[in-house]
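K.L.:
Structure file final39.txt (compact mmCIF, C-alpha atoms and all ligand atoms) is given on the next line.
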# COMPACT_ATOMS: atom_id res chain seq x y z
CA MET A 1 45.28 126.11 -59.09
CA ASN A 2 42.74 128.80 -59.81
CA PRO A 3 42.10 128.90 -63.56
CA PHE A 4 44.18 131.49 -65.41
CA ASP A 5 44.56 132.52 -68.99
CA SER A 6 47.23 134.28 -71.01
CA LEU A 7 48.08 134.35 -74.70
CA GLY A 8 50.40 131.32 -74.49
CA LEU A 9 49.56 129.64 -71.17
CA ARG A 10 46.30 128.49 -69.56
CA HIS A 11 45.21 126.56 -66.50
CA ASP A 12 41.70 125.17 -66.33
CA GLY A 13 41.94 124.28 -62.65
CA ARG A 14 43.16 120.73 -63.35
CA THR A 15 45.47 120.85 -66.34
CA LEU A 16 48.16 123.31 -67.45
CA TRP A 17 47.97 124.04 -71.19
CA VAL A 18 50.71 125.49 -73.36
CA LEU A 19 50.08 127.04 -76.79
CA ASP A 20 52.54 125.22 -79.07
CA GLN A 21 54.48 128.18 -80.47
CA THR A 22 56.27 125.98 -82.99
CA ARG A 23 52.92 125.59 -84.83
CA LEU A 24 52.20 129.32 -85.07
CA PRO A 25 51.08 131.18 -87.10
CA ASP A 26 49.22 128.44 -89.00
CA ALA A 27 47.72 126.39 -86.16
CA GLU A 28 46.72 127.12 -82.57
CA VAL A 29 47.37 123.83 -80.81
CA TRP A 30 47.30 123.58 -77.00
CA LEU A 31 49.42 120.89 -75.33
CA ASP A 32 49.30 119.46 -71.82
CA GLY A 33 52.25 120.81 -69.82
CA SER A 34 51.17 119.61 -66.38
CA GLU A 35 53.90 117.01 -65.91
CA PRO A 36 57.49 118.24 -65.38
CA ALA A 37 58.99 115.88 -67.98
CA ALA A 38 56.50 117.13 -70.58
CA MET A 39 57.12 120.77 -69.64
CA ILE A 40 60.90 120.35 -69.91
CA ALA A 41 60.49 118.95 -73.43
CA LEU A 42 58.12 121.81 -74.36
CA ILE A 43 60.61 124.40 -73.06
CA GLN A 44 63.56 122.75 -74.83
CA ARG A 45 61.87 122.59 -78.24
CA LEU A 46 60.58 126.17 -77.79
CA ALA A 47 56.90 125.21 -77.80
CA VAL A 48 56.85 127.52 -74.80
CA ARG A 49 59.52 130.22 -74.92
CA GLY A 50 60.46 133.78 -74.01
CA ALA A 51 62.39 134.40 -70.79
CA PRO A 52 59.52 135.47 -68.50
CA LEU A 53 57.05 132.91 -69.85
CA ILE A 54 59.32 129.90 -69.31
CA GLY A 55 59.71 130.94 -65.64
CA VAL A 56 55.95 131.35 -65.22
CA ALA A 57 55.20 128.08 -67.06
CA ALA A 58 57.73 126.07 -65.05
CA ALA A 59 56.30 127.48 -61.80
CA ALA A 60 52.73 126.61 -62.82
CA CYS A 61 53.87 123.12 -63.82
CA LEU A 62 55.54 122.56 -60.47
CA ALA A 63 52.45 123.78 -58.60
CA THR A 64 50.25 121.42 -60.62
CA PHE A 65 52.68 118.58 -59.90
CA ALA A 66 52.45 119.34 -56.16
CA GLU A 67 48.66 119.51 -56.32
CA ARG A 68 48.61 116.10 -57.94
CA GLY A 69 50.41 114.65 -54.92
CA ALA A 70 54.13 114.79 -55.72
CA SER A 71 56.32 113.86 -52.73
CA ALA A 72 58.86 116.34 -51.36
CA THR A 73 61.64 114.38 -53.07
CA GLU A 74 59.80 114.29 -56.40
CA TYR A 75 59.04 118.02 -56.10
CA ALA A 76 62.69 118.92 -55.40
CA ALA A 77 63.93 116.77 -58.30
CA ALA A 78 61.39 118.28 -60.71
CA CYS A 79 62.32 121.79 -59.56
CA ALA A 80 66.01 121.14 -60.26
CA ALA A 81 65.29 119.56 -63.65
CA LEU A 82 63.01 122.40 -64.75
CA ARG A 83 65.60 124.93 -63.58
CA ALA A 84 68.16 123.38 -65.92
CA ALA A 85 65.85 123.11 -68.97
CA ARG A 86 67.42 126.15 -70.71
CA PRO A 87 70.58 127.93 -69.55
CA THR A 88 70.40 131.60 -70.60
CA ALA A 89 67.04 133.00 -69.47
CA VAL A 90 67.57 133.73 -65.79
CA ASN A 91 63.82 134.12 -65.23
CA LEU A 92 63.62 130.32 -65.20
CA MET A 93 66.19 130.05 -62.39
CA TRP A 94 64.55 133.01 -60.59
CA ALA A 95 61.13 131.33 -60.65
CA MET A 96 62.49 127.94 -59.58
CA ASP A 97 64.47 129.50 -56.73
CA ARG A 98 61.17 130.97 -55.50
CA MET A 99 59.28 127.69 -55.94
CA LYS A 100 61.91 125.48 -54.26
CA PRO A 101 61.30 126.59 -50.64
CA ALA A 102 57.63 127.51 -51.14
CA THR A 103 55.35 126.11 -48.44
CA ASP A 104 52.34 126.72 -50.69
CA PRO A 105 53.53 126.08 -54.28
CA VAL A 106 50.13 126.86 -55.77
CA ALA A 107 49.97 130.29 -54.12
CA GLU A 108 53.59 130.96 -55.14
CA ALA A 109 53.00 130.02 -58.79
CA GLN A 110 49.87 132.18 -58.88
CA ALA A 111 51.85 135.07 -57.39
CA ILE A 112 54.57 134.64 -60.03
CA PHE A 113 51.93 134.66 -62.81
CA ALA A 114 50.21 137.80 -61.43
CA GLU A 115 53.53 139.53 -60.83
CA ASP A 116 54.67 138.98 -64.40
CA ILE A 117 51.52 140.70 -65.67
CA ARG A 118 52.22 143.69 -63.39
CA LEU A 119 55.87 143.86 -64.44
CA CYS A 120 54.79 144.02 -68.10
CA GLU A 121 52.50 146.94 -67.24
CA GLY A 122 55.39 148.74 -65.55
CA MET A 123 57.70 148.30 -68.55
CA ALA A 124 54.90 149.40 -70.89
CA THR A 125 54.27 152.60 -68.92
CA HIS A 126 57.93 153.61 -68.71
CA GLY A 127 58.89 152.47 -72.19
CA ALA A 128 55.92 153.99 -74.03
CA ALA A 129 56.85 157.41 -72.63
CA LEU A 130 60.04 157.25 -74.71
CA ILE A 131 58.21 156.74 -77.99
CA GLN A 132 57.19 159.79 -79.97
CA ASP A 133 54.19 160.06 -82.28
CA GLY A 134 55.12 159.02 -85.82
CA GLU A 135 58.17 156.95 -84.95
CA HIS A 136 59.20 153.91 -86.94
CA LEU A 137 60.46 151.18 -84.62
CA LEU A 138 62.56 148.09 -85.13
CA THR A 139 62.34 144.96 -82.99
CA HIS A 140 63.93 141.52 -82.90
CA CYS A 141 62.67 138.07 -81.92
CA ASN A 142 59.33 137.86 -80.06
CA THR A 143 58.83 139.82 -76.86
CA GLY A 144 55.06 140.10 -76.63
CA GLY A 145 52.18 138.27 -75.01
CA LEU A 146 53.62 134.99 -76.26
CA ALA A 147 56.84 135.56 -74.31
CA THR A 148 55.28 136.66 -71.00
CA ALA A 149 52.12 136.22 -68.94
CA GLY A 150 51.20 139.84 -69.69
CA ILE A 151 51.47 142.15 -72.68
CA GLY A 152 55.18 141.61 -73.16
CA THR A 153 58.47 143.44 -72.74
CA ALA A 154 59.63 145.35 -75.86
CA LEU A 155 56.47 144.48 -77.78
CA GLY A 156 54.38 145.43 -74.73
CA VAL A 157 55.98 148.88 -74.83
CA ILE A 158 55.14 149.18 -78.53
CA ARG A 159 51.58 147.97 -77.91
CA ARG A 160 51.06 150.53 -75.14
CA ALA A 161 52.36 153.39 -77.32
CA HIS A 162 49.97 152.24 -80.08
CA GLU A 163 47.07 152.13 -77.58
CA GLN A 164 47.96 155.68 -76.57
CA GLY A 165 47.17 156.73 -80.11
CA LYS A 166 50.75 157.30 -81.26
CA ARG A 167 51.09 156.65 -84.98
CA LEU A 168 53.78 154.00 -85.26
CA HIS A 169 55.20 151.62 -87.79
CA VAL A 170 57.03 148.51 -86.64
CA TYR A 171 59.73 146.69 -88.57
CA ALA A 172 59.98 143.13 -87.30
CA ASP A 173 63.18 141.14 -87.87
CA GLU A 174 62.26 137.61 -88.93
CA THR A 175 64.95 136.37 -86.47
CA ARG A 176 67.00 133.54 -87.88
CA PRO A 177 67.21 130.62 -87.32
CA LEU A 178 63.86 129.79 -85.61
CA LEU A 179 61.92 132.77 -87.01
CA GLN A 180 60.29 134.00 -83.80
CA GLY A 181 59.89 137.41 -85.48
CA GLY A 182 58.50 136.14 -88.78
CA ARG A 183 56.12 133.65 -87.17
CA LEU A 184 55.26 134.99 -83.70
CA THR A 185 55.81 138.76 -83.65
CA ALA A 186 54.13 139.04 -87.05
CA TRP A 187 51.17 137.02 -85.68
CA GLU A 188 50.89 139.25 -82.60
CA LEU A 189 51.23 142.52 -84.55
CA LYS A 190 48.48 141.45 -86.96
CA ARG A 191 46.16 140.50 -84.09
CA LEU A 192 46.83 143.85 -82.42
CA GLY A 193 46.33 145.83 -85.63
CA ILE A 194 49.68 147.58 -85.32
CA PRO A 195 51.05 148.70 -88.71
CA ALA A 196 54.13 146.58 -89.39
CA THR A 197 56.50 145.28 -92.02
CA LEU A 198 58.47 142.05 -91.82
CA ILE A 199 62.14 142.10 -92.85
CA THR A 200 64.92 139.56 -92.89
CA ASP A 201 67.58 140.22 -90.25
CA SER A 202 70.11 141.30 -92.85
CA MET A 203 67.85 144.16 -94.07
CA ALA A 204 67.91 146.07 -90.77
CA ALA A 205 71.17 147.91 -91.51
CA LEU A 206 69.72 149.41 -94.68
CA LEU A 207 66.65 150.72 -92.85
CA LEU A 208 68.87 152.27 -90.18
CA ARG A 209 71.18 153.82 -92.77
CA ASP A 210 68.26 155.32 -94.65
CA GLY A 211 66.77 156.96 -91.54
CA LYS A 212 63.68 154.76 -91.71
CA VAL A 213 63.90 153.68 -88.06
CA GLN A 214 63.87 156.12 -85.13
CA ARG A 215 64.22 153.60 -82.29
CA VAL A 216 65.18 149.96 -81.67
CA LEU A 217 63.47 148.02 -78.85
CA VAL A 218 64.45 144.47 -77.87
CA GLY A 219 63.89 142.07 -74.98
CA SER A 220 66.45 140.34 -72.80
CA ASP A 221 67.06 136.89 -71.35
CA ARG A 222 69.56 138.08 -68.74
CA VAL A 223 70.86 141.50 -67.73
CA ALA A 224 74.23 141.44 -65.94
CA ALA A 225 75.00 143.70 -62.98
CA ASN A 226 76.89 146.19 -65.19
CA GLY A 227 74.06 146.46 -67.75
CA ASP A 228 75.50 144.13 -70.41
CA PHE A 229 72.67 141.89 -71.54
CA ALA A 230 71.96 138.67 -73.43
CA ASN A 231 69.15 138.42 -75.95
CA LYS A 232 68.27 136.45 -79.07
CA VAL A 233 71.23 136.09 -81.40
CA GLY A 234 71.33 139.04 -83.77
CA THR A 235 70.64 141.61 -81.06
CA TYR A 236 74.30 142.56 -80.72
CA GLY A 237 74.62 143.18 -84.46
CA LEU A 238 71.53 145.34 -84.34
CA ALA A 239 72.99 147.34 -81.44
CA VAL A 240 76.23 147.94 -83.39
CA GLN A 241 74.24 149.08 -86.43
CA ALA A 242 72.00 151.33 -84.32
CA ARG A 243 75.03 153.00 -82.72
CA PHE A 244 76.75 153.49 -86.09
CA HIS A 245 73.62 155.21 -87.41
CA ASP A 246 72.93 157.12 -84.18
CA VAL A 247 69.56 155.47 -83.52
CA PRO A 248 68.45 154.98 -79.87
CA PHE A 249 68.62 151.35 -78.74
CA HIS A 250 66.70 150.05 -75.70
CA PRO A 251 66.57 146.63 -74.07
CA VAL A 252 63.30 146.18 -72.15
CA ALA A 253 63.15 143.73 -69.23
CA PRO A 254 61.54 143.06 -65.85
CA PHE A 255 63.66 142.90 -62.66
CA SER A 256 63.29 139.10 -62.81
CA THR A 257 65.64 139.19 -65.82
CA VAL A 258 68.37 141.05 -63.90
CA ASP A 259 71.08 138.74 -62.53
CA LEU A 260 73.30 140.54 -60.04
CA ALA A 261 75.36 137.36 -59.65
CA CYS A 262 76.65 137.95 -63.20
CA PRO A 263 79.09 140.87 -62.96
CA ASN A 264 79.13 141.38 -66.73
CA GLY A 265 78.06 139.84 -70.01
CA ALA A 266 81.02 137.48 -70.19
CA ALA A 267 79.56 135.57 -67.23
CA ILE A 268 76.21 134.91 -68.95
CA PRO A 269 75.89 131.28 -70.13
CA ILE A 270 74.91 131.11 -73.78
CA GLU A 271 72.73 128.25 -75.02
CA LEU A 272 74.16 126.36 -77.99
CA ARG A 273 71.44 124.64 -79.99
CA ASP A 274 71.37 121.89 -82.60
CA ALA A 275 73.25 122.71 -85.81
CA ALA A 276 70.29 121.30 -87.76
CA GLU A 277 68.36 124.50 -86.92
CA VAL A 278 70.85 126.44 -89.07
CA ARG A 279 70.88 123.90 -91.91
CA GLY A 280 67.12 124.16 -92.43
CA PHE A 281 63.75 124.70 -90.84
CA GLY A 282 61.24 122.01 -89.90
CA SER A 283 61.41 119.27 -92.48
CA LEU A 284 63.11 121.55 -95.03
CA ARG A 285 66.90 121.44 -95.31
CA TRP A 286 68.80 123.76 -97.65
CA ALA A 287 72.41 123.16 -96.57
CA PRO A 288 74.22 119.96 -97.55
CA GLU A 289 73.43 117.16 -95.13
CA GLY A 290 75.93 117.11 -92.26
CA MET A 291 77.31 120.59 -93.10
CA PRO A 292 78.98 121.86 -89.90
CA ALA A 293 77.03 124.80 -88.46
CA TRP A 294 77.29 126.99 -85.35
CA ASN A 295 74.12 127.81 -83.47
CA PRO A 296 74.43 130.06 -80.42
CA SER A 297 70.86 130.94 -79.47
CA PHE A 298 71.77 134.27 -77.82
CA ASP A 299 74.43 136.96 -77.97
CA VAL A 300 75.61 139.58 -75.50
CA THR A 301 75.32 143.31 -76.10
CA PRO A 302 77.71 145.49 -74.05
CA VAL A 303 76.18 148.26 -71.96
CA ASP A 304 78.10 150.86 -74.00
CA LEU A 305 75.77 150.21 -76.94
CA VAL A 306 72.63 150.71 -74.81
CA THR A 307 70.94 154.11 -74.92
CA SER A 308 68.80 153.19 -71.94
CA LEU A 309 67.40 150.09 -70.27
CA VAL A 310 63.64 150.04 -69.68
CA LEU A 311 62.88 148.17 -66.46
CA ASP A 312 59.49 147.71 -64.82
CA ASN A 313 60.24 150.55 -62.39
CA GLY A 314 61.89 153.09 -64.65
CA VAL A 315 64.37 153.88 -67.39
CA TYR A 316 68.13 153.69 -66.75
CA THR A 317 70.71 155.37 -68.96
CA THR A 318 74.04 153.81 -69.88
CA GLU A 319 75.71 156.18 -67.44
CA GLN A 320 73.42 155.11 -64.57
CA LEU A 321 73.94 151.44 -65.42
CA LYS A 322 77.72 151.88 -65.56
CA ALA A 323 77.60 153.71 -62.23
CA GLY A 324 76.00 150.60 -60.68
CA ALA A 325 72.29 151.51 -60.67
CA LEU A 326 71.33 147.82 -60.89
CA CYS A 327 73.48 146.94 -57.86
CA ASP A 328 72.87 149.80 -55.47
CA GLY A 329 69.17 149.19 -55.16
CA SER A 330 68.12 152.25 -57.13
CA ALA A 331 66.77 149.97 -59.85
CA SER A 332 64.87 147.54 -57.63
O1 LIG B 401 64.78 131.40 -77.71
P1 LIG B 401 63.63 132.27 -77.31
O2 LIG B 401 62.58 132.38 -78.36
O3 LIG B 401 63.06 131.86 -75.97
O4 LIG B 401 64.27 133.71 -77.13
C1 LIG B 401 63.46 134.76 -76.68
C2 LIG B 401 64.14 136.07 -76.67
O5 LIG B 401 65.29 136.18 -77.01
C3 LIG B 401 63.39 137.24 -76.12
O6 LIG B 401 63.85 138.42 -76.69
C4 LIG B 401 63.60 137.29 -74.61
O7 LIG B 401 63.22 136.08 -74.01
C5 LIG B 401 62.93 138.41 -73.92
S1 LIG B 401 61.24 138.51 -74.31
C6 LIG B 401 60.23 138.69 -73.15
Output the file's structure as structure tokens, nothing else.

P.N.:
Amino acid sequence: MNPFDSLGLRHDGRTLWVLDQTRLPDAEVWLDGSEPAAMIALIQRLAVRGAPLIGVAAAACLATFAERGASATEYAAACAALRAARPTAVNLMWAMDRMKPATDPVAEAQAIFAEDIRLCEGMATHGAALIQDGEHLLTHCNTGGLATAGIGTALGVIRRAHEQGKRLHVYADETRPLLQGGRLTAWELKRLGIPATLITDSMAALLLRDGKVQRVLVGSDRVAANGDFANKVGTYGLAVQARFHDVPFHPVAPFSTVDLACPNGAAIPIELRDAAEVRGFGSLRWAPEGMPAWNPSFDVTPVDLVTSLVLDNGVYTTEQLKAGALCDGSAS
């Protein structure tokens, strides 16, 4: 592999390195993700996470595995195992379906990496045009450079608007239960110097009621053919609140997140994670030991609650999405 570098993923020509996102913001620890078994474990414990980035990371891992002499049988088995590492983010399946038949896995992985950067730029251009000077924005989970190979999806849009000189303020949901907003988005916003305030998820409704937020921007792990989309749990509640308070709500995603094989949101598989993540965090537990808990990692927002979807090639209104814009080729 040619060396490459992004905020959460690096290749030095021999080894693939993953920034352990579970250690952020306090420590920047890079782990070896060159072997498929190691990469699967890193993806499953969210050391590497975010829909686009797990596709890019799995592709780079597979290319490194091939370069190190994996047989065709070993390559195919690793591809299938990586593909199944997490069920909701379709970018992982999309990347593995490209890598599976690739005659030159290294070139394919490098193309996937470069393409993700370009897709982020496309989303940033189209999304930033929606944002007006002086707006206060609300976002959920982490959708920035840590979640992609480029500048991000929803957070990339916000970053671009900030770079354009628009005066913005970002409210970042902490994002229970794994705190991607409180740990990762807060870390990125501070590094970028974007004015921001951290809130707990349950405070968002108050901000929306009080007119303190002019726009909500979120990422997506899978967009169904009709425009329904899955994203980090809590997104659906935010969409309901935004609609109630008449605040524009935009998912932001690259075409690699669109899954035309899913007719609607009901067909999107939702990852259920360990109940222990709801009972506590890290070594800290606040619920009684063994307390039953439910932990869906994602929820589905119906297209009717979407003001418009920002894709890498343009912005699509609810009406366009409902009329089949994702299926008829006008959005590809
Ligand atoms: O469980 P995670 O942290 O991988 O969930 C990430 C999200 O929900 C993001 O919003 C999504 O992947 C889109 S971001 C580019």

K.L.:
State, in Å with one decimal place, the distance from atom CA of Asp304 of chain A to atom CA of Arg215 of chain A.

P.N.:
16.4 Å

K.L.:
Output the neighbourhood of ligand LIG 401 (chain B) as a PyMOL selection string, that is, all protein and nucleic acid residues with some atom at most 6 Å from the ligand, counting all atoms listed in the file.

P.N.:
chain A and resi 49-52+141-143+147-148+152-153+219-221+231-232

K.L.:
What are the closest atom pairs, with distances in Å to one decimal, for all residues of segment 139-226 of chain A lying within 12 Å of segment 6-14 of chain A? Consider all atoms listed in the file, order rows by chain and residue number, and present the result as JSON lines.

P.N.:
{"residue": "A:Gly144", "atom": "CA", "partner": "A:Leu7", "partner_atom": "CA", "distance": 9.2}
{"residue": "A:Gly145", "atom": "CA", "partner": "A:Leu7", "partner_atom": "CA", "distance": 5.7}
{"residue": "A:Leu146", "atom": "CA", "partner": "A:Gly8", "partner_atom": "CA", "distance": 5.2}
{"residue": "A:Ala147", "atom": "CA", "partner": "A:Gly8", "partner_atom": "CA", "distance": 7.7}
{"residue": "A:Thr148", "atom": "CA", "partner": "A:Gly8", "partner_atom": "CA", "distance": 8.0}
{"residue": "A:Ala149", "atom": "CA", "partner": "A:Ser6", "partner_atom": "CA", "distance": 5.7}
{"residue": "A:Gly150", "atom": "CA", "partner": "A:Ser6", "partner_atom": "CA", "distance": 7.0}
{"residue": "A:Ile151", "atom": "CA", "partner": "A:Leu7", "partner_atom": "CA", "distance": 8.7}
{"residue": "A:Gly152", "atom": "CA", "partner": "A:Leu7", "partner_atom": "CA", "distance": 10.3}
{"residue": "A:Leu184", "atom": "CA", "partner": "A:Gly8", "partner_atom": "CA", "distance": 11.0}
{"residue": "A:Trp187", "atom": "CA", "partner": "A:Leu7", "partner_atom": "CA", "distance": 11.7}
{"residue": "A:Glu188", "atom": "CA", "partner": "A:Leu7", "partner_atom": "CA", "distance": 9.7}
{"residue": "A:Arg191", "atom": "CA", "partner": "A:Leu7", "partner_atom": "CA", "distance": 11.4}

K.L.:
Measuring atom to atom with all atoms listed in the file, identify which of A:Val247, A:Gly314, A:His126, A:Ala59 is nearest to Asn91 of chain A.

P.N.:
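So, comparing all the options, the nearest one is A:Ala59.
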
K.L.:
Write out as a list in words each polymer residue whose atoms come within 10 Å of Phe249 of chain A, counting all atoms listed in the file; drop sequence neighbours fewer than 3 positions from it.

P.N.:
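Returned residues: Leu138, Thr139, Gln214, Arg215, Val216, Leu217, Val218, Leu238, Ala239, Val240, Gln241, Ala242, Arg243, Asp246, Val252, Leu305, Val306, Thr307, Ser308 and Leu309 of chain A.
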